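Here's work_8.cif, which has mmCIF, C-alpha atoms:
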data_upload
#
loop_
_atom_site.label_atom_id
_atom_site.label_comp_id
_atom_site.auth_asym_id
_atom_site.auth_seq_id
_atom_site.Cartn_x
_atom_site.Cartn_y
_atom_site.Cartn_z
CA MET E 292 -15.00 -103.98 9.60
CA LYS E 293 -12.96 -104.95 6.54
CA LEU E 294 -10.21 -103.46 4.45
CA ASN E 295 -9.61 -105.15 1.10
CA ALA E 296 -11.63 -108.11 2.35
CA ILE E 297 -9.16 -108.61 5.24
CA GLU E 298 -10.77 -108.61 8.65
CA LEU E 299 -8.99 -106.31 11.09
CA PRO E 300 -7.96 -107.90 14.38
CA ALA E 301 -9.38 -106.74 17.67
CA LYS E 302 -5.99 -105.24 18.52
CA PHE E 303 -3.42 -103.58 16.24
CA PRO E 304 0.05 -104.38 17.58
CA LEU E 305 3.11 -103.75 15.43
CA GLU E 306 3.24 -107.23 13.90
CA LYS E 307 -0.38 -106.96 12.70
CA ILE E 308 0.13 -103.47 11.20
CA GLU E 309 3.22 -104.67 9.34
CA LYS E 310 1.06 -107.03 7.30
CA PHE E 311 -0.52 -104.01 5.61
CA ALA E 312 2.82 -102.50 4.52
CA GLY E 313 5.35 -103.74 2.01
CA GLU E 314 8.18 -102.82 -0.36
CA GLU E 315 7.15 -101.18 -3.61
CA ASN E 316 9.54 -99.62 -6.16
CA GLY E 317 12.30 -99.21 -3.61
CA SER E 318 10.13 -97.71 -0.88
CA VAL E 319 7.58 -98.86 1.66
CA SER E 320 3.87 -98.27 1.08
CA GLY E 321 0.82 -99.11 3.14
CA ARG E 322 -2.59 -100.34 2.11
CA PHE E 323 -5.84 -98.86 3.43
CA GLY E 324 -8.73 -100.23 1.38
CA GLN E 325 -8.05 -99.31 -2.24
CA ILE E 326 -5.61 -96.53 -1.33
CA ARG E 327 -1.84 -96.89 -1.23
CA ILE E 328 -0.03 -94.77 1.35
CA ARG E 329 3.44 -93.46 0.58
CA SER E 330 5.77 -90.95 2.20
CA ALA E 331 7.30 -87.62 1.30
CA PHE E 332 9.70 -85.68 3.51
CA GLN E 333 10.05 -81.92 3.78
CA PRO E 334 13.31 -80.69 5.32
CA ILE E 335 13.43 -78.38 8.31
CA TYR E 336 16.45 -76.09 8.35
CA SER E 337 18.27 -74.51 11.26
CA LEU E 338 19.11 -70.93 10.29
CA ALA E 339 22.05 -70.89 12.70
CA HIS E 340 23.51 -74.20 11.50
CA ARG E 341 22.56 -73.43 7.86
CA ARG E 342 21.58 -77.02 7.12
CA PRO E 343 18.65 -79.41 7.57
CA VAL E 344 18.20 -80.76 11.10
CA GLY E 345 14.96 -82.67 10.59
CA PHE E 346 12.35 -83.92 8.13
CA GLU E 347 8.59 -83.80 8.42
CA ALA E 348 6.91 -86.96 7.13
CA LEU E 349 3.94 -86.16 4.91
CA LEU E 350 1.24 -88.44 3.51
CA ARG E 351 1.11 -89.20 -0.19
CA PRO E 352 -2.06 -91.28 -0.82
CA TYR E 353 -2.57 -92.90 -4.23
CA ALA E 354 -5.83 -94.24 -5.63
CA GLU E 355 -5.24 -96.33 -8.74
CA GLU E 356 -1.75 -94.82 -9.05
CA ARG E 357 -3.19 -91.30 -8.98
CA LEU E 358 -2.13 -88.94 -6.20
CA VAL E 359 -5.15 -87.81 -4.17
CA SER E 360 -5.64 -85.42 -1.28
CA PRO E 361 -5.03 -86.77 2.24
CA LEU E 362 -8.60 -85.65 2.95
CA THR E 363 -9.77 -88.30 0.49
CA LEU E 364 -8.03 -90.86 2.64
CA PHE E 365 -9.35 -89.55 5.95
CA ASP E 366 -12.89 -89.35 4.57
CA ARG E 367 -12.87 -93.13 4.28
CA VAL E 368 -12.31 -93.60 8.00
CA ARG E 369 -15.57 -94.76 9.56
CA ASP E 370 -14.88 -95.18 13.28
CA ASP E 371 -12.30 -95.04 16.06
CA ALA E 372 -10.88 -98.45 15.20
CA GLU E 373 -10.10 -97.41 11.64
CA SER E 374 -8.64 -94.10 12.88
CA VAL E 375 -6.22 -95.97 15.12
CA PHE E 376 -5.36 -98.44 12.37
CA LEU E 377 -4.68 -95.72 9.79
CA ASP E 378 -2.65 -93.62 12.21
CA ARG E 379 -0.44 -96.57 13.09
CA LEU E 380 -0.04 -97.63 9.49
CA CYS E 381 1.08 -94.13 8.47
CA ARG E 382 3.65 -93.97 11.26
CA LEU E 383 5.03 -97.36 10.29
CA VAL E 384 5.33 -96.40 6.61
CA HIS E 385 6.98 -93.05 7.39
CA LEU E 386 9.44 -94.52 9.87
CA ARG E 387 10.55 -97.31 7.57
CA ASN E 388 10.95 -94.98 4.60
CA PHE E 389 12.96 -92.55 6.69
CA LEU E 390 15.26 -95.21 8.11
CA SER E 391 15.90 -96.75 4.69
CA GLN E 392 17.72 -93.56 3.64
CA GLY E 393 20.57 -93.89 6.10
CA ASP E 394 20.15 -90.68 8.09
CA GLU E 395 21.58 -91.35 11.54
CA THR E 396 21.46 -87.85 13.03
CA ASN E 397 18.46 -85.69 12.15
CA TRP E 398 14.96 -85.61 13.59
CA LEU E 399 11.93 -87.29 12.08
CA PHE E 400 8.79 -85.18 12.57
CA LEU E 401 5.63 -87.29 12.79
CA ASN E 402 2.12 -85.82 12.82
CA ILE E 403 0.00 -87.57 15.43
CA ASN E 404 -3.62 -87.17 16.46
CA PRO E 405 -3.67 -86.86 20.30
CA LYS E 406 -7.11 -88.45 20.43
CA VAL E 407 -5.81 -91.54 18.64
CA THR E 408 -2.96 -91.77 21.14
CA VAL E 409 -5.39 -92.05 24.03
CA ILE E 410 -8.08 -94.26 22.50
CA GLY E 411 -5.37 -96.38 20.89
CA ARG E 412 -4.79 -98.11 24.21
CA ARG E 413 -7.88 -100.16 23.56
CA TYR E 414 -6.10 -101.70 20.58
CA GLY E 415 -2.84 -102.71 22.24
CA ALA E 416 0.63 -101.19 22.55
CA PHE E 417 2.26 -99.84 19.41
CA PHE E 418 4.47 -96.74 19.31
CA ALA E 419 7.13 -97.79 21.82
CA ASP E 420 7.26 -101.18 20.09
CA LEU E 421 7.60 -99.45 16.70
CA LEU E 422 10.60 -97.40 17.82
CA ASP E 423 12.22 -100.34 19.57
CA GLY E 424 11.50 -102.77 16.75
CA TYR E 425 13.20 -100.58 14.14
CA GLY E 426 15.97 -99.38 16.39
CA ILE E 427 15.38 -95.64 16.34
CA PRO E 428 15.96 -93.80 19.65
CA PRO E 429 12.91 -91.83 20.86
CA HIS E 430 14.98 -88.64 21.05
CA ARG E 431 15.24 -88.62 17.26
CA VAL E 432 11.46 -88.41 16.87
CA VAL E 433 9.53 -85.14 17.11
CA VAL E 434 5.85 -85.76 17.68
CA GLU E 435 3.76 -83.00 16.09
CA ILE E 436 0.46 -82.37 17.84
CA LEU E 437 -2.24 -80.09 16.47
CA GLU E 438 -3.42 -78.80 19.83
CA SER E 439 -6.20 -76.62 18.42
CA GLN E 440 -8.18 -79.75 17.49
CA ILE E 441 -8.28 -80.99 21.08
CA GLN E 442 -10.57 -79.10 23.46
CA ASP E 443 -10.24 -81.61 26.30
CA GLU E 444 -7.24 -80.38 28.34
CA ALA E 445 -6.91 -83.68 30.21
CA LEU E 446 -6.83 -85.60 26.93
CA LEU E 447 -4.19 -83.30 25.47
CA SER E 448 -2.00 -83.47 28.58
CA GLU E 449 -2.29 -87.25 28.69
CA ALA E 450 -1.14 -87.56 25.08
CA VAL E 451 1.75 -85.12 25.52
CA ASN E 452 2.95 -86.79 28.70
CA TYR E 453 2.90 -90.20 27.03
CA TYR E 454 5.36 -89.14 24.32
CA LYS E 455 7.51 -87.15 26.72
CA GLU E 456 7.86 -90.18 28.97
CA LEU E 457 8.94 -92.22 25.97
CA GLY E 458 11.72 -89.70 25.38
CA CYS E 459 10.35 -88.05 22.23
CA LEU E 460 10.35 -84.33 21.56
CA ILE E 461 6.99 -82.54 21.35
CA ALA E 462 6.11 -79.93 18.71
CA ILE E 463 2.90 -77.92 18.72
CA ASP E 464 1.78 -77.56 15.10
CA ASP E 465 0.03 -74.60 13.42
CA PHE E 466 0.34 -72.34 16.47
CA GLY E 467 -1.35 -69.00 15.89
CA SER E 468 -4.29 -70.37 13.95
CA GLY E 469 -7.77 -71.04 15.30
CA GLU E 470 -7.93 -70.99 19.08
CA SER E 471 -4.23 -71.42 19.81
CA ASN E 472 -3.14 -69.66 22.98
CA PHE E 473 -0.07 -69.22 25.16
CA ASP E 474 -1.88 -70.61 28.16
CA ARG E 475 -1.62 -74.06 26.62
CA LEU E 476 2.06 -73.60 25.80
CA TRP E 477 2.83 -72.95 29.44
CA ARG E 478 0.97 -76.08 30.49
CA ILE E 479 2.13 -78.40 27.71
CA GLY E 480 5.76 -77.28 27.66
CA PRO E 481 6.56 -78.30 24.05
CA HIS E 482 10.15 -78.43 22.84
CA ILE E 483 9.25 -76.78 19.51
CA VAL E 484 6.43 -74.45 18.47
CA LYS E 485 5.59 -74.38 14.76
CA LEU E 486 4.13 -71.00 13.84
CA ASP E 487 1.26 -71.24 11.41
CA ARG E 488 1.73 -70.17 7.81
CA SER E 489 -0.90 -67.42 8.28
CA ILE E 490 1.46 -65.47 10.57
CA ILE E 491 4.29 -65.16 8.06
CA ALA E 492 1.84 -64.42 5.25
CA GLN E 493 0.24 -61.58 7.22
CA ALA E 494 3.64 -60.23 8.28
CA ALA E 495 4.66 -59.94 4.63
CA GLY E 496 1.72 -57.64 3.93
CA ASN E 497 1.31 -55.76 7.20
CA ILE E 498 4.10 -53.81 8.88
CA LYS E 499 2.34 -53.95 12.26
CA VAL E 500 2.24 -57.74 12.17
CA ARG E 501 5.85 -57.83 11.01
CA ARG E 502 6.86 -55.71 13.97
CA VAL E 503 5.09 -58.09 16.38
CA VAL E 504 6.55 -61.36 15.03
CA PRO E 505 10.00 -61.00 16.70
CA ASN E 506 8.25 -60.40 20.02
CA LEU E 507 6.10 -63.47 19.44
CA VAL E 508 9.21 -65.57 18.83
CA LYS E 509 10.85 -64.05 21.90
CA LEU E 510 7.83 -64.97 24.01
CA ILE E 511 7.98 -68.55 22.70
CA HIS E 512 11.65 -68.69 23.69
CA GLU E 513 10.81 -67.40 27.15
CA THR E 514 8.33 -70.26 27.62
CA GLY E 515 11.27 -72.63 27.05
CA SER E 516 10.46 -73.64 23.46
CA LEU E 517 12.24 -73.30 20.13
CA ALA E 518 10.40 -71.52 17.29
CA LEU E 519 9.86 -72.94 13.81
CA MET E 520 8.43 -70.78 11.03
CA GLU E 521 6.50 -72.99 8.62
CA GLY E 522 4.99 -72.27 5.22
CA VAL E 523 7.83 -69.98 4.08
CA GLU E 524 7.25 -69.63 0.34
CA LYS E 525 8.81 -66.31 -0.72
CA GLU E 526 12.10 -64.52 -0.16
CA GLU E 527 10.37 -61.71 1.73
CA GLU E 528 8.85 -64.26 4.12
CA ALA E 529 12.24 -65.91 4.55
CA MET E 530 13.80 -62.54 5.43
CA ILE E 531 11.05 -61.90 7.98
CA SER E 532 11.77 -65.33 9.48
CA MET E 533 15.45 -64.40 9.78
CA ASN E 534 14.64 -61.08 11.39
CA SER E 535 12.16 -62.66 13.81
CA GLY E 536 14.82 -64.76 15.51
CA ALA E 537 13.08 -68.04 14.59
CA ASP E 538 15.31 -71.07 15.12
CA PHE E 539 14.02 -73.19 12.25
CA VAL E 540 12.30 -72.67 8.91
CA GLN E 541 10.29 -74.92 6.63
CA GLY E 542 8.61 -74.25 3.32
CA TYR E 543 8.70 -74.26 -0.47
CA TYR E 544 11.18 -71.37 -0.57
CA PHE E 545 13.80 -73.78 0.74
CA ALA E 546 12.61 -77.19 -0.45
CA LYS E 547 9.47 -79.01 -1.50
CA PRO E 548 8.57 -82.42 -0.03
CA SER E 549 10.35 -85.31 -1.71
CA GLU E 550 10.55 -89.07 -1.26
CA ARG E 551 14.34 -88.77 -0.98
CA ILE E 552 15.73 -86.74 1.91
CA SER E 553 18.93 -86.22 -0.08
CA GLU E 554 17.00 -83.56 -2.04
CA ALA E 555 17.28 -81.35 1.05
CA SER E 556 20.85 -80.47 0.08
CA ARG E 557 19.47 -78.16 -2.61
CA GLY E 558 17.82 -76.04 0.05
CA ILE E 559 21.17 -75.35 1.74
CA CYS E 560 22.01 -72.98 -1.12
CA ALA E 561 18.82 -71.05 -0.40
CA VAL E 562 19.70 -70.84 3.31
CA LEU E 563 23.27 -69.63 2.59
CA SER E 564 22.00 -67.06 0.10
CA LEU E 565 19.38 -65.89 2.58
CA CYS E 566 22.01 -65.40 5.30
CA ASP E 567 24.11 -63.25 2.96
CA LYS E 568 21.12 -61.16 1.86
CA PHE E 569 20.01 -60.70 5.45
CA ARG E 570 23.47 -59.52 6.49
CA GLN E 571 23.54 -57.01 3.62
CA ALA E 572 20.01 -55.81 4.38
CA ALA E 573 20.83 -55.44 8.09
CA GLU E 574 23.92 -53.38 7.28
CA GLN E 575 21.93 -51.21 4.88
CA GLU E 576 19.17 -50.72 7.44
CA SER E 577 21.72 -49.81 10.09
CA ASP E 578 23.38 -47.27 7.78
CA GLN E 579 20.00 -45.75 6.90
CA TYR E 580 19.01 -45.66 10.57
CA ARG E 581 22.18 -43.80 11.51
CA SER E 582 21.81 -41.46 8.54
CA GLU E 583 18.24 -40.50 9.45
CA LEU E 584 19.13 -40.03 13.10
CA HIS E 585 22.31 -38.00 12.50
CA PRO E 586 20.75 -34.49 12.42
CA TYR E 587 18.65 -35.31 15.49
CA MET E 588 21.68 -36.65 17.37
CA ALA E 589 23.64 -33.47 16.54
CA ALA E 590 20.74 -31.22 17.60
CA PHE E 591 20.23 -33.25 20.79
CA ALA E 592 23.93 -32.88 21.67
CA ARG E 593 23.57 -29.10 21.31
CA LEU E 594 20.45 -29.29 23.50
CA VAL E 595 22.47 -30.97 26.25
CA ASP E 596 25.24 -28.33 26.10
CA ARG E 597 22.74 -25.47 26.24
CA PHE E 598 20.85 -27.04 29.14
CA ARG E 599 24.10 -27.50 31.09
CA ALA E 600 24.86 -23.80 30.53
CA SER E 601 21.43 -22.36 31.33
CA GLY E 602 19.37 -24.99 33.13
CA ASP E 603 16.39 -23.84 31.05
CA MET E 604 14.94 -26.61 28.86
CA LYS E 605 12.66 -24.48 26.70
CA PRO E 606 15.33 -22.47 24.82
CA ALA E 607 17.75 -25.39 24.94
CA CYS E 608 15.46 -27.65 22.91
CA ALA E 609 14.37 -25.08 20.31
CA ASP E 610 16.76 -26.30 17.59
CA PHE E 611 15.85 -29.92 18.20
CA LEU E 612 12.12 -29.22 18.00
CA SER E 613 12.58 -27.33 14.73
CA LEU E 614 13.56 -30.55 12.95
CA PRO E 615 10.79 -32.13 10.83
CA LYS E 616 10.18 -35.27 12.90
CA ALA E 617 10.95 -34.01 16.40
CA GLU E 618 7.87 -34.61 18.58
CA ARG E 619 8.70 -33.52 22.12
CA CYS E 620 11.40 -32.97 24.74
CA PHE E 621 11.10 -33.65 28.45
CA ILE E 622 13.12 -34.05 31.63
CA LEU E 623 13.10 -36.92 34.14
CA ASP E 624 14.52 -37.06 37.65
CA ASP E 625 16.66 -39.93 38.90
CA GLU E 626 13.53 -41.97 39.68
CA GLY E 627 12.09 -41.61 36.18
CA ARG E 628 9.49 -38.98 37.15
CA GLN E 629 8.78 -36.37 34.49
CA MET E 630 9.57 -32.86 35.71
CA GLY E 631 6.93 -30.56 34.26
CA SER E 632 5.12 -30.79 30.96
CA SER E 633 6.64 -31.88 27.67
CA HIS E 634 8.04 -29.24 25.32
CA LEU E 635 6.38 -29.46 21.90
CA PRO E 636 7.19 -27.98 18.47
CA ALA E 637 5.69 -24.59 17.64
CA LEU E 638 3.76 -26.29 14.84
CA THR E 639 2.46 -29.71 15.86
CA ARG E 640 3.11 -32.12 13.00
CA CYS E 641 0.80 -34.87 14.21
CA ALA E 642 -2.85 -34.24 14.83
CA GLU E 643 -3.66 -34.99 18.46
CA ASP E 644 -6.49 -37.46 18.87
CA PRO E 645 -9.02 -36.02 21.39
CA ARG E 646 -9.94 -39.56 22.44
CA PHE E 647 -6.56 -39.80 24.18
CA MET E 648 -6.85 -36.51 26.05
CA PRO E 649 -6.38 -38.20 29.48
CA LEU E 650 -2.79 -39.05 28.43
CA ARG E 651 -1.87 -35.62 27.12
CA ASP E 652 -0.52 -34.13 30.33
CA ALA E 653 2.56 -36.18 31.24
CA SER E 654 3.85 -34.00 34.10
CA ASN E 655 4.72 -36.20 37.09
CA ALA E 656 4.31 -39.35 34.97
CA VAL E 657 6.87 -41.99 35.95
CA TRP E 658 8.86 -43.48 33.03
CA LEU E 659 11.05 -45.65 35.27
CA ARG E 660 10.19 -48.79 33.23
CA ARG E 661 11.15 -47.30 29.89
CA HIS E 662 14.30 -48.71 28.32
CA TYR E 663 15.52 -45.24 27.32
CA PHE E 664 15.53 -44.20 31.00
CA ARG E 665 17.24 -47.35 32.27
CA ARG E 666 19.93 -47.30 29.57
CA ALA E 667 20.67 -43.61 30.22
CA MET E 668 21.06 -44.24 33.95
CA GLU E 669 23.40 -47.16 33.26
CA LYS E 670 25.68 -45.07 31.01
CA VAL E 671 25.78 -41.60 32.47
CA GLY E 672 26.95 -38.89 30.08
CA GLU E 673 26.34 -40.93 26.90
CA ILE E 674 23.47 -40.29 24.49
CA GLN E 675 21.29 -43.39 24.17
CA THR E 676 19.05 -44.28 21.23
CA SER E 677 16.00 -46.47 21.73
CA ARG E 678 14.58 -48.85 19.17
CA PRO E 679 11.27 -47.73 17.62
CA TYR E 680 8.35 -48.20 20.02
CA LEU E 681 4.78 -47.00 20.50
CA SER E 682 4.68 -43.82 22.54
CA ILE E 683 1.85 -43.60 25.04
CA ALA E 684 2.31 -39.83 25.01
CA SER E 685 1.48 -39.42 21.31
CA GLY E 686 0.14 -42.76 20.15
CA ASN E 687 2.80 -42.76 17.41
CA MET E 688 5.80 -44.97 16.76
CA CYS E 689 8.84 -43.06 17.93
CA VAL E 690 12.53 -43.24 18.80
CA THR E 691 13.73 -41.59 22.01
CA LEU E 692 17.14 -40.01 22.51
CA SER E 693 18.14 -39.81 26.17
CA ILE E 694 21.12 -38.87 28.32
CA ALA E 695 21.70 -38.85 32.09
CA ILE E 696 23.69 -35.89 33.40
CA ASP E 697 24.57 -34.51 36.81
CA PHE E 698 23.01 -31.07 37.17
CA GLY E 699 22.23 -28.91 40.18
CA GLY E 700 23.40 -31.56 42.64
CA SER E 701 21.19 -34.35 41.26
CA ARG E 702 21.04 -36.74 38.33
CA THR E 703 18.71 -35.71 35.51
CA VAL E 704 17.71 -37.46 32.30
CA LEU E 705 17.05 -35.32 29.22
CA CYS E 706 14.86 -36.93 26.52
CA GLY E 707 13.80 -36.14 22.98
CA ASP E 708 11.18 -38.08 20.96
CA ILE E 709 11.43 -38.46 17.18
CA LEU E 710 8.46 -39.55 15.07
CA TRP E 711 9.48 -42.80 13.38
CA ASP E 712 7.47 -43.64 10.28
CA ASP E 713 7.70 -47.13 8.77
#
Could the structure of this file be written out as structure tokens, please?
Amino acid sequence: MKLNAIELPAKFPLEKIEKFAGEENGSVSGRFGQIRIRSAFQPIYSLAHRRPVGFEALLRPYAEERLVSPLTLFDRVRDDAESVFLDRLCRLVHLRNFLSQGDETNWLFLNINPKVTVIGRRYGAFFADLLDGYGIPPHRVVVEILESQIQDEALLSEAVNYYKELGCLIAIDDFGSGESNFDRLWRIGPHIVKLDRSIIAQAAGNIKVRRVVPNLVKLIHETGSLALMEGVEKEEEAMISMNSGADFVQGYYFAKPSERISEASRGICAVLSLCDKFRQAAEQESDQYRSELHPYMAAFARLVDRFRASGDMKPACADFLSLPKAERCFILDDEGRQMGSSHLPALTRCAEDPRFMPLRDASNAVWLRRHYFRRAMEKVGEIQTSRPYLSIASGNMCVTLSIAIDFGGSRTVLCGDILWDD
């Protein structure tokens, strides 16, 4: 096997790889056959810190001084030996170019093929020597692993454990594409999960996906990982990232890849502007939310007074159910059990789907797990407002008003559902 008429050694330790890299126009480039390998760095911003906290190293291959696709480079790899050689050469080039720019704090994100990590042992030690040889602590390196490309669980675990034992951070790349699943997150235990570009793109065009994204980020947090939204290209996508609770963002909206990491300072303006716009949008949304709920809150307060006076829910909730988006009223006991059937408007505003007939009768259903019940029981005598959620009773998105009161010697929770259109 030859590259540029130079026979590759049987093993590829650091000192042998270094022979294929050299200074060129103020930066380090590598040589793989007739292709020159250079680096570009895309900043990763912390939305809380409002500044870059890391840089992902990206390949920039040149054939005869013309930029070509990385796929062109990878297509020239013929066997495992060349895969290991190319992988090591890229890491060397990226690391040296990153260190030459004087950053002593932020992370360097390196994309690594887990398979190469394992089969690379046949070709001698490398990565630990690379970090030690250039004096960068392992904790400043985030190893990005594309887990969807590795079907062998043992192989994936072996690769992840190797970098963890070195002291590096682990990031799972492109999560949410292909066959990605949470089962692997629980087993791998990455420090960072990079959500695939397809998620943010779909969320921008589909309200249902947008509603799910914050829960997806929350689930990632509950597995013990930080969430990074990648591929953010538009302001709407950036706002969705803010609303999702993602820790980090990356994408053209903030900054394009550049050879100089100093270019990342331009993206700080975009982050600061985004934070201001998000605050204004959140305040506007909150005002609109309160405005839309106001007549329902007033009618629900009258419902409570009338029920206290008469103990009869049907006449007490008549005003509430006359409002255009009121869906139902019902009563729960102190264990969350529904007392009797729901009270519905005289004219049903939402067609009932006969396929869900088994759910129609909610008498004796137990709503103990619902947040509107728990919050009402925690703050007796105060009207509580839920966030929008999918009602199993109607199959619609709704908001529930609830209040716990003492009536007839026991604690009772009065509830009213409001249809909540997007």
Per residue of range 652-684 of chain E within 9 Å of range 697-711 of chain E, what are the shortest atom pair and its distance in Å to one decimal, counting all atoms listed in the file, with rows by chain and residue number, as a Markdown table?
| residue | atom | partner | partner_atom | distance |
| --- | --- | --- | --- | --- |
| E:Tyr663 | CA | E:Cys706 | CA | 8.4 |
| E:Phe664 | CA | E:Val704 | CA | 7.2 |
| E:Ala667 | CA | E:Val704 | CA | 7.1 |
| E:Met668 | CA | E:Val704 | CA | 7.7 |
| E:Val671 | CA | E:Asp697 | CA | 8.4 |
| E:Gly672 | CA | E:Asp697 | CA | 8.4 |
| E:Pro679 | CA | E:Trp711 | CA | 6.7 |
| E:Tyr680 | CA | E:Trp711 | CA | 8.6 |
| E:Ser682 | CA | E:Asp708 | CA | 8.8 |
Which distance in Å separates CA of Pro428 in chain E and CA of Val344 in chain E, to one decimal?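 CA of Val344 in chain E lies at a distance of 15.8 Å from CA of Pro428 in chain E.
With only C-alpha atoms as the atoms that count, the minimum distance from Glu435 in chain E to the choices E:Glu306, E:Asp420, E:Asp465, E:Glu626 is reached by E:Asp465.
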If we count only C-alpha atoms, what is near Ala546 in chain E at a cut-off of 9 Å, once residues fewer than 6 positions away on the same chain are taken out, given as a list in words? Gln333, Pro334, Ile335, Glu554, Ala555, Ser556, Arg557, Gly558 and Ala561 of chain E
Proximity to Leu584 in chain E - best of E:Leu614, E:Met630, E:Leu457, E:Leu349, only C-alpha atoms: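 Looking only at the distances to Leu584 in chain E, the closest residue turns out to be E:Leu614.
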